[in-house]
>>> print(open('start_2.cif').read())   # mmCIF, C-alpha atoms
data_final
loop_
_atom_site.label_atom_id
_atom_site.label_comp_id
_atom_site.auth_asym_id
_atom_site.auth_seq_id
_atom_site.Cartn_x
_atom_site.Cartn_y
_atom_site.Cartn_z
CA MET A 1 121.71 67.68 69.85
CA GLN A 2 123.30 66.15 66.74
CA GLN A 3 124.77 69.53 65.73
CA GLN A 4 126.27 69.95 69.20
CA ILE A 5 127.94 66.55 68.94
CA LEU A 6 129.32 67.25 65.48
CA ALA A 7 130.76 70.53 66.74
CA PHE A 8 132.33 68.98 69.86
CA LYS A 9 136.11 68.68 69.71
CA ASN A 10 138.39 67.86 72.60
CA ASP A 11 141.40 69.92 73.46
CA TYR A 12 144.67 67.98 73.27
CA VAL A 13 144.98 65.44 76.06
CA PRO A 14 148.36 63.70 76.57
CA LEU A 15 148.28 59.94 76.07
CA ALA A 16 149.31 59.36 79.69
CA ASP A 17 146.27 61.28 80.91
CA GLN A 18 144.06 59.44 78.43
CA ILE A 19 145.23 56.10 79.82
CA ARG A 20 144.68 57.31 83.37
CA GLY A 21 141.22 58.53 82.38
CA ALA A 22 140.22 55.34 80.57
CA VAL A 23 141.20 52.97 83.37
CA TRP A 24 139.99 55.14 86.24
CA GLY A 25 136.82 55.87 84.27
CA GLU A 26 136.07 52.17 83.91
CA PHE A 27 136.44 51.57 87.66
CA VAL A 28 134.63 54.73 88.75
CA GLY A 29 131.67 54.11 86.44
CA ASP A 30 131.24 50.61 87.86
CA ALA A 31 131.56 51.62 91.53
CA PHE A 32 129.25 54.62 91.12
CA CYS A 33 126.40 52.25 90.24
CA LEU A 34 127.00 49.59 92.91
CA GLY A 35 123.92 50.29 95.03
CA SER A 36 121.54 51.06 92.16
CA HIS A 37 122.67 48.31 89.78
CA TRP A 38 120.09 46.03 88.14
CA ILE A 39 117.00 47.95 89.19
CA TYR A 40 114.90 47.90 86.03
CA ASP A 41 111.61 49.47 87.09
CA PRO A 42 111.91 53.28 86.72
CA ALA A 43 109.33 53.80 89.47
CA GLU A 44 111.25 51.61 91.89
CA LEU A 45 114.51 53.34 91.00
CA GLU A 46 112.96 56.75 91.67
CA ARG A 47 111.46 55.53 94.93
CA ARG A 48 114.79 54.26 96.18
CA PHE A 49 116.84 57.12 94.76
CA PRO A 50 114.71 60.27 94.40
CA GLY A 51 116.08 62.38 91.57
CA GLY A 52 118.32 59.54 90.44
CA PRO A 53 121.28 57.75 92.06
CA GLN A 54 123.85 60.13 93.49
CA GLY A 55 126.52 57.45 93.29
CA PHE A 56 128.46 55.14 95.57
CA GLU A 57 125.38 54.04 97.48
CA ALA A 58 125.72 50.90 99.59
CA PRO A 59 123.58 48.00 98.31
CA ALA A 60 120.39 47.40 100.27
CA GLU A 61 119.62 44.11 101.96
CA GLY A 62 118.50 41.57 99.40
CA HIS A 63 120.28 43.38 96.55
CA TYR A 64 122.49 41.41 94.13
CA HIS A 65 125.55 43.08 95.66
CA ALA A 66 124.35 42.99 99.28
CA GLY A 67 127.24 42.78 101.72
CA LYS A 68 129.47 45.07 99.70
CA ARG A 69 130.33 48.53 101.02
CA ALA A 70 129.90 51.87 99.31
CA GLY A 71 132.92 52.51 97.11
CA GLU A 72 133.55 48.85 96.33
CA GLN A 73 133.25 47.41 92.83
CA THR A 74 130.48 45.25 91.44
CA HIS A 75 131.50 41.79 90.21
CA TYR A 76 132.46 43.53 86.95
CA GLY A 77 134.97 45.70 88.76
CA ASP A 78 136.27 42.75 90.77
CA GLY A 79 137.24 41.11 87.48
CA ALA A 80 138.72 44.39 86.27
CA LEU A 81 140.95 44.60 89.35
CA LEU A 82 142.24 41.09 88.61
CA GLN A 83 142.85 42.03 84.98
CA LEU A 84 144.85 45.12 85.93
CA ARG A 85 146.95 43.15 88.45
CA SER A 86 147.68 40.47 85.89
CA LEU A 87 148.74 42.99 83.24
CA ILE A 88 151.08 44.81 85.59
CA GLN A 89 152.67 41.67 87.00
CA ARG A 90 153.00 39.86 83.67
CA GLY A 91 153.84 42.93 81.58
CA ARG A 92 151.33 41.96 78.91
CA PHE A 93 147.94 40.33 78.53
CA ASP A 94 148.30 36.69 79.57
CA ALA A 95 145.11 34.68 79.13
CA ALA A 96 146.27 31.79 81.29
CA ASP A 97 147.41 34.05 84.12
CA PHE A 98 144.25 36.14 84.17
CA GLY A 99 142.04 33.08 83.70
CA ALA A 100 143.65 31.26 86.61
CA ARG A 101 143.23 34.31 88.84
CA PHE A 102 139.61 34.70 87.80
CA VAL A 103 138.66 31.06 88.36
CA ALA A 104 140.42 31.05 91.74
CA LEU A 105 138.45 34.15 92.79
CA ILE A 106 135.09 32.77 91.71
CA GLU A 107 135.76 29.36 93.26
CA SER A 108 136.80 30.89 96.58
CA PRO A 109 134.18 30.45 99.32
CA ASP A 110 135.27 33.83 100.66
CA TYR A 111 134.31 35.73 97.50
CA ARG A 112 131.45 38.15 98.29
CA GLY A 113 130.67 39.20 94.73
CA TYR A 114 127.89 38.13 92.40
CA ARG A 115 128.62 35.14 90.20
CA ASP A 116 127.08 35.84 86.81
CA HIS A 117 126.60 33.52 83.84
CA ALA A 118 130.03 34.30 82.42
CA ALA A 119 131.70 33.49 85.74
CA LYS A 120 129.79 30.27 86.39
CA GLY A 121 130.28 28.98 82.85
CA THR A 122 133.97 29.81 82.85
CA VAL A 123 134.55 27.99 86.13
CA ALA A 124 132.54 24.98 84.96
CA ASN A 125 134.57 24.70 81.75
CA ALA A 126 137.87 25.06 83.61
CA ARG A 127 136.86 22.33 86.07
CA ALA A 128 135.81 20.03 83.24
CA PHE A 129 139.19 20.49 81.56
CA ARG A 130 141.07 19.79 84.78
CA GLN A 131 139.08 16.61 85.34
CA ALA A 132 139.54 15.39 81.76
CA HIS A 133 143.21 16.41 81.44
CA PRO A 134 144.84 16.24 84.89
CA GLY A 135 148.25 17.87 85.00
CA GLU A 136 147.91 19.57 81.60
CA ASN A 137 148.06 23.33 81.09
CA TYR A 138 144.77 25.03 80.30
CA GLY A 139 144.73 27.93 77.84
CA TYR A 140 141.62 29.64 79.23
CA GLN A 141 140.05 30.21 75.80
CA ASP A 142 136.92 28.20 76.51
CA GLY A 143 134.87 30.63 78.59
CA ALA A 144 131.11 30.67 78.92
CA ASP A 145 128.84 31.01 75.90
CA ASP A 146 127.92 34.53 77.00
CA ASP A 147 127.23 37.73 75.06
CA GLN A 148 126.93 40.15 77.97
CA LEU A 149 129.22 42.68 79.65
CA ALA A 150 131.91 40.81 81.58
CA THR A 151 134.93 41.58 79.38
CA ALA A 152 133.66 45.00 78.31
CA CYS A 153 134.04 46.22 81.89
CA ARG A 154 137.73 45.33 82.15
CA LEU A 155 139.10 46.01 78.66
CA ALA A 156 140.51 49.52 79.13
CA PRO A 157 143.94 48.56 80.55
CA VAL A 158 144.35 45.77 77.98
CA ALA A 159 143.62 48.29 75.23
CA ALA A 160 146.01 50.84 76.71
CA LEU A 161 148.86 48.35 76.90
CA HIS A 162 148.39 46.77 73.47
CA PHE A 163 146.71 49.31 71.18
CA ARG A 164 149.92 49.82 69.16
CA ASP A 165 150.48 46.08 68.63
CA TYR A 166 150.07 44.59 65.16
CA ASP A 167 147.94 41.80 66.66
CA TYR A 168 145.88 44.14 68.85
CA LEU A 169 142.50 42.71 67.88
CA ALA A 170 143.78 39.16 68.33
CA VAL A 171 144.81 40.12 71.87
CA VAL A 172 141.32 41.52 72.44
CA GLU A 173 139.76 38.31 71.12
CA ARG A 174 141.87 36.22 73.51
CA ALA A 175 140.92 38.52 76.37
CA THR A 176 137.26 38.04 75.50
CA ARG A 177 137.34 34.26 75.14
CA VAL A 178 138.72 33.77 78.67
CA CYS A 179 135.21 34.25 80.05
CA GLN A 180 133.10 34.72 76.92
CA ASN A 181 133.71 32.16 74.20
CA ASN A 182 130.98 33.69 72.05
CA GLU A 183 131.27 35.16 68.55
CA ARG A 184 128.86 38.02 69.19
CA ALA A 185 130.78 39.05 72.29
CA VAL A 186 134.06 38.94 70.36
CA ALA A 187 132.66 41.29 67.71
CA TYR A 188 131.38 43.80 70.27
CA LEU A 189 134.62 43.71 72.23
CA LYS A 190 136.64 44.29 69.07
CA ALA A 191 134.51 47.36 68.39
CA HIS A 192 135.00 48.55 71.97
CA ALA A 193 138.74 48.12 71.49
CA MET A 194 138.66 49.95 68.15
CA VAL A 195 137.00 52.93 69.82
CA LEU A 196 139.67 53.05 72.52
CA ARG A 197 142.46 52.75 69.93
CA GLU A 198 141.01 55.61 67.92
CA LEU A 199 140.85 57.76 71.05
CA PHE A 200 144.39 56.86 72.15
CA THR A 201 145.69 57.80 68.70
CA GLY A 202 144.16 61.27 68.85
CA ASN A 203 140.70 61.07 67.34
CA ASP A 204 137.67 62.75 68.90
CA LEU A 205 134.81 60.74 70.35
CA GLU A 206 132.43 61.00 67.42
CA SER A 207 135.11 60.07 64.90
CA ALA A 208 136.20 57.14 67.07
CA PHE A 209 132.70 55.66 67.06
CA ARG A 210 132.18 56.25 63.35
CA GLN A 211 135.55 54.75 62.46
CA ALA A 212 134.89 51.72 64.66
CA ALA A 213 131.53 51.21 62.94
CA GLN A 214 133.17 51.22 59.51
CA MET A 215 135.88 48.77 60.52
CA ILE A 216 133.73 46.31 62.47
CA ALA A 217 131.14 46.17 59.66
CA GLU A 218 133.71 44.16 57.69
CA ASP A 219 133.86 41.48 60.41
CA GLY A 220 131.02 39.23 59.31
CA VAL A 221 127.39 39.07 60.39
CA HIS A 222 128.07 40.03 64.01
CA GLY A 223 130.23 42.92 62.88
CA ILE A 224 127.37 44.20 60.77
CA GLU A 225 125.11 43.96 63.83
CA VAL A 226 127.58 45.93 65.96
CA ALA A 227 127.96 48.62 63.30
CA GLY A 228 124.19 48.88 63.06
CA GLY A 229 123.99 49.45 66.80
CA ILE A 230 126.53 52.26 66.62
CA VAL A 231 124.60 53.93 63.80
CA ALA A 232 121.37 53.51 65.76
CA ALA A 233 122.96 55.31 68.72
CA PHE A 234 123.78 58.29 66.50
CA ASN A 235 120.29 58.25 65.03
CA ALA A 236 118.71 58.40 68.50
CA MET A 237 120.44 61.59 69.60
CA ASP A 238 117.16 63.48 69.73
CA LEU A 239 116.20 61.30 72.71
CA PRO A 240 117.38 61.89 76.29
CA VAL A 241 119.54 59.15 77.78
CA LYS A 242 116.80 57.49 79.81
CA LYS A 243 114.43 57.17 76.84
CA ALA A 244 117.19 56.00 74.53
CA THR A 245 118.30 53.37 77.04
CA LEU A 246 114.74 52.09 77.34
CA LYS A 247 114.58 51.98 73.54
CA PHE A 248 117.80 49.99 73.16
CA GLY A 249 117.15 47.90 76.26
CA GLN A 250 118.32 48.22 79.85
CA SER A 251 119.52 44.63 80.07
CA CYS A 252 122.99 43.10 80.03
CA PRO A 253 123.37 41.68 76.49
CA LEU A 254 125.80 43.75 74.44
CA ALA A 255 123.23 44.16 71.67
CA ASN A 256 121.33 46.38 74.13
CA SER A 257 123.99 47.82 76.42
CA PHE A 258 126.62 48.72 73.82
CA PRO A 259 124.53 51.17 71.74
CA ALA A 260 122.93 52.54 74.92
CA ALA A 261 126.38 53.30 76.35
CA ILE A 262 127.47 54.92 73.08
CA HIS A 263 124.36 57.10 73.04
CA CYS A 264 124.99 58.23 76.61
CA SER A 265 128.65 58.99 75.87
CA LEU A 266 127.77 61.09 72.85
CA HIS A 267 124.91 62.84 74.66
CA HIS A 268 127.32 63.95 77.39
CA ALA A 269 130.51 64.00 75.32
CA GLY A 270 132.10 66.79 77.33
CA ASP A 271 130.93 65.83 80.82
CA PHE A 272 132.08 62.58 82.41
CA ALA A 273 130.03 63.04 85.59
CA ALA A 274 126.82 63.86 83.72
CA ALA A 275 127.18 60.76 81.56
CA VAL A 276 127.64 58.43 84.53
CA ARG A 277 124.73 59.98 86.40
CA ALA A 278 122.51 59.74 83.33
CA THR A 279 123.15 56.06 82.64
CA ALA A 280 122.75 55.24 86.35
CA ALA A 281 119.35 56.97 86.32
CA ALA A 282 118.30 54.88 83.30
CA GLY A 283 118.34 51.69 85.39
CA GLY A 284 119.02 48.11 84.46
CA ASP A 285 122.63 47.11 83.91
CA SER A 286 123.87 50.59 84.68
CA ALA A 287 127.22 49.46 86.09
CA GLY A 288 128.20 47.78 82.84
CA ARG A 289 127.15 50.74 80.70
CA ALA A 290 128.87 53.18 83.07
CA ALA A 291 132.10 51.17 82.94
CA MET A 292 132.14 51.30 79.13
CA ALA A 293 131.11 54.95 78.90
CA GLY A 294 133.56 55.78 81.68
CA ALA A 295 136.42 54.23 79.73
CA TRP A 296 135.52 56.06 76.50
CA LEU A 297 134.97 59.44 78.11
CA GLY A 298 138.01 59.03 80.34
CA ALA A 299 140.13 58.34 77.26
CA SER A 300 138.52 61.23 75.38
CA LEU A 301 138.62 63.87 78.11
CA GLY A 302 141.51 62.71 80.30
CA ILE A 303 141.84 61.99 83.99
CA GLU A 304 141.00 65.53 85.09
CA ALA A 305 137.46 65.10 83.78
CA ILE A 306 136.76 62.45 86.44
CA PRO A 307 135.80 64.17 89.70
CA ALA A 308 138.63 63.80 92.20
CA GLN A 309 136.14 63.26 95.02
CA TRP A 310 134.71 60.29 93.15
CA ARG A 311 138.14 58.71 92.84
CA GLU A 312 138.69 59.28 96.54
CA ARG A 313 135.52 57.36 97.37
CA MET A 314 136.82 54.21 95.71
CA ALA A 315 137.61 51.40 98.15
CA ALA A 316 140.46 50.16 95.90
CA ARG A 317 141.75 53.66 95.10
CA GLU A 318 145.32 53.03 96.31
CA GLU A 319 145.74 49.83 94.32
CA ILE A 320 144.13 51.37 91.23
CA ALA A 321 146.30 54.48 91.47
CA GLN A 322 149.54 52.52 91.86
CA ASN A 323 148.79 50.11 89.04
CA VAL A 324 147.53 52.81 86.68
CA GLU A 325 150.77 54.72 87.14
CA ARG A 326 152.74 51.54 86.47
CA LEU A 327 150.67 51.02 83.32
CA VAL A 328 151.40 54.57 82.17
CA VAL A 329 155.13 53.95 82.59
CA MET A 330 154.85 50.71 80.60
CA VAL A 331 153.07 52.46 77.72
CA CYS A 332 154.52 55.97 77.77
CA GLY A 333 157.78 55.60 79.62
CA GLU A 334 156.83 58.35 82.11
#
>>> encode(input="start_2.cif", output="structure tokens")
Amino acid sequence: MQQQILAFKNDYVPLADQIRGAVWGEFVGDAFCLGSHWIYDPAELERRFPGGPQGFEAPAEGHYHAGKRAGEQTHYGDGALLQLRSLIQRGRFDAADFGARFVALIESPDYRGYRDHAAKGTVANARAFRQAHPGENYGYQDGADDDQLATACRLAPVAALHFRDYDYLAVVERATRVCQNNERAVAYLKAHAMVLRELFTGNDLESAFRQAAQMIAEDGVHGIEVAGGIVAAFNAMDLPVKKATLKFGQSCPLANSFPAAIHCSLHHAGDFAAAVRATAAAGGDSAGRAAMAGAWLGASLGIEAIPAQWRERMAAREEIAQNVERLVVMVCGE
């Protein structure tokens, strides 16, 4: 398997199609796993979805996402939709604008999505600031102390819009701290952003991961941890995706999910659909891994690699399509 990866080289993909692929890939990966998300027991997953999830299943009664319909996003994707809207309307990443939108969504009694630790902590900190400093502007850089997947599942459009900026990684750090004021999370999200930048500037998938590992290793103790996870993903290429995911850990923390998503992306470097199916079948926080892998493979392979019928099954397809095209114009002028 390692030799196949080393030999894999993408054909040229225009930047516009890479951006379309990265953003659509993030949303599609998340929505594909809606009904099978957070099932950790392999036997239970097989019982509910013989042969593995086929994608876009409606959540069963009692599920974390119960009440949502097939084709909708998990809570990760809900945040990603807000992020994309904010970017398009503001013309740049704006922490205060996105943060205000996010807190308003989570505080709304009409919100049907799951409220995870990052969401609850972010809202609690925003409320505390409002109570202590009435009338003052809040910078939304005091998110939850959380090292899981919230920001990783909505980074692709931020990366696409800002990857050429001199302060790119500072933008990524601000984007992370809105909901995850945590140094480990910042390091992992910087690495995620480095991978996307390498892909947008023409590097192949393997080179993008290796280059990101080298750069993030210089970013202190957490950077060394992230780089070690990337190397571990390469070193596990003799394992199938399910076994590698169990080895790294199926759970939400980035220390587990980030290398597992990298392994899956490399294992299926030329096949977007196979990668998403494989990580869904591995259980646990599949939606988060699929959103990351979807962004990387979408950027690597381009929009045409994402099955058109999958995009058509997305509940928010019209909004995503319109805003992605606006993003492409903002970045590429087309």
>>> atom_distance(input="start_2.cif", atom1="CA of Gln180 (chain A)", atom2="CA of Leu199 (chain A)")
25.0 Å
>>> closest_residue(input="start_2.cif", among="A:Pro134, A:Gly25, A:Gly228, A:Gly99", to="Tyr188 (chain A)", atoms="all atoms listed in the file")
A:Gly228
>>> resolve_selection(input="start_2.cif", expression="the PyMOL selection byres ((chain A and resi 78-87) around 8)", output="PyMOL selection string")
chain A and resi 27+73-77+88-94+97-98+101-102+113+150+153-155+157-158+320+323
>>> resolve_selection(input="start_2.cif", expression="the PyMOL selection byres ((chain A and resi 49-57) around 9)", output="list in words")
Ala31, Phe32, Cys33, Leu34, Gly35, Ser36, Glu44, Leu45, Glu46, Arg47, Arg48, Ala58, Pro59, Ala60, Arg69, Ala70, Gly71, Glu72, Val276, Arg277, Ala278, Ala280, Ala281, Ala282, Trp310, Arg313 and Met314 of chain A
>>> atom_distance(input="start_2.cif", atom1="CA of Asp17 (chain A)", atom2="CA of Gly302 (chain A)")
5.0 Å
>>> resolve_selection(input="start_2.cif", expression="the PyMOL selection byres ((chain A and resi 267-271) around 10)", output="PyMOL selection string")
chain A and resi 1-2+4-5+8-10+204-206+233-234+236-241+261-266+272-276+278+293+296-298+300-301+305-306
>>> atom_distance(input="start_2.cif", atom1="CA of Val226 (chain A)", atom2="CA of Arg184 (chain A)")
8.6 Å
>>> closest_residue(input="start_2.cif", among="A:Gln18, A:Ser207, A:Thr151, A:Asn125", to="Leu254 (chain A)", atoms="all atoms listed in the file")
A:Thr151
>>> residues_around(input="start_2.cif", residues="Gly333 (chain A)", least_positions_apart="4", cutoff="12 Å", atoms="only C-alpha atoms", output="list of chain:residue names")
A:Leu15, A:Ala16, A:Leu161, A:Glu325, A:Arg326, A:Leu327, A:Val328, A:Val329
>>> residues_around(input="start_2.cif", residues="Thr176 (chain A)", least_positions_apart="3", cutoff="10 Å", atoms="only C-alpha atoms", output="MDAnalysis selection string")
chainID A and resid 95 141:143 150:152 154:155 170:173 179:183 185:190
>>> closest_residue(input="start_2.cif", among="A:Arg197, A:His63, A:His37, A:Lys120", to="Ala144 (chain A)", atoms="all atoms listed in the file")
A:Lys120
>>> closest_residue(input="start_2.cif", among="A:Gly229, A:Gly283, A:Gly288, A:Gly139", to="Ala175 (chain A)", atoms="only C-alpha atoms")
A:Gly139
>>> build_atoms(input="start_2.cif", residues="region 292-318 of chain A", atoms="N, CA and C atoms", output="compact mmCIF listing (two decimals), in the frame of the given file")
# COMPACT_ATOMS: atom_id res chain seq x y z
N MET A 292 131.76 51.06 80.52
CA MET A 292 132.14 51.30 79.13
C MET A 292 132.21 52.79 78.83
N ALA A 293 131.13 53.50 79.16
CA ALA A 293 131.11 54.95 78.90
C ALA A 293 132.23 55.64 79.66
N GLY A 294 132.49 55.19 80.89
CA GLY A 294 133.56 55.78 81.68
C GLY A 294 134.91 55.62 81.02
N ALA A 295 135.15 54.46 80.42
CA ALA A 295 136.42 54.23 79.73
C ALA A 295 136.54 55.14 78.50
N TRP A 296 135.47 55.23 77.70
CA TRP A 296 135.52 56.06 76.50
C TRP A 296 135.69 57.54 76.84
N LEU A 297 134.89 58.02 77.77
CA LEU A 297 134.97 59.44 78.11
C LEU A 297 136.26 59.75 78.87
N GLY A 298 136.73 58.82 79.68
CA GLY A 298 138.01 59.03 80.34
C GLY A 298 139.14 59.13 79.34
N ALA A 299 139.11 58.28 78.30
CA ALA A 299 140.13 58.34 77.26
C ALA A 299 139.99 59.61 76.43
N SER A 300 138.77 60.04 76.19
CA SER A 300 138.52 61.23 75.38
C SER A 300 138.89 62.51 76.11
N LEU A 301 138.49 62.62 77.37
CA LEU A 301 138.62 63.87 78.11
C LEU A 301 139.84 63.92 79.02
N GLY A 302 140.37 62.75 79.40
CA GLY A 302 141.51 62.71 80.30
C GLY A 302 141.11 62.58 81.76
N ILE A 303 142.08 62.28 82.58
CA ILE A 303 141.84 61.99 83.99
C ILE A 303 141.21 63.16 84.74
N GLU A 304 141.52 64.38 84.35
CA GLU A 304 141.00 65.53 85.09
C GLU A 304 139.50 65.69 84.95
N ALA A 305 138.91 65.03 83.96
CA ALA A 305 137.46 65.10 83.78
C ALA A 305 136.70 64.25 84.80
N ILE A 306 137.40 63.31 85.45
CA ILE A 306 136.76 62.45 86.44
C ILE A 306 136.86 63.14 87.79
N PRO A 307 135.73 63.43 88.43
CA PRO A 307 135.80 64.17 89.70
C PRO A 307 136.75 63.52 90.70
N ALA A 308 137.64 64.33 91.24
CA ALA A 308 138.63 63.80 92.20
C ALA A 308 137.95 63.20 93.41
N GLN A 309 136.83 63.79 93.84
CA GLN A 309 136.14 63.26 95.02
C GLN A 309 135.54 61.90 94.74
N TRP A 310 135.19 61.62 93.49
CA TRP A 310 134.71 60.29 93.15
C TRP A 310 135.84 59.27 93.25
N ARG A 311 137.00 59.62 92.75
CA ARG A 311 138.14 58.71 92.84
C ARG A 311 138.50 58.44 94.30
N GLU A 312 138.36 59.45 95.13
CA GLU A 312 138.69 59.28 96.54
C GLU A 312 137.72 58.35 97.26
N ARG A 313 136.53 58.20 96.73
CA ARG A 313 135.52 57.36 97.37
C ARG A 313 135.70 55.88 97.02
N MET A 314 136.61 55.58 96.15
CA MET A 314 136.82 54.21 95.71
C MET A 314 137.53 53.41 96.78
N ALA A 315 136.99 52.25 97.12
CA ALA A 315 137.61 51.40 98.15
C ALA A 315 138.99 50.93 97.71
N ALA A 316 139.18 50.67 96.42
CA ALA A 316 140.46 50.16 95.90
C ALA A 316 141.31 51.27 95.32
N ARG A 317 141.09 52.52 95.75
CA ARG A 317 141.75 53.66 95.10
C ARG A 317 143.28 53.55 95.13
N GLU A 318 143.86 53.08 96.23
CA GLU A 318 145.32 53.03 96.31
C GLU A 318 145.89 52.01 95.32
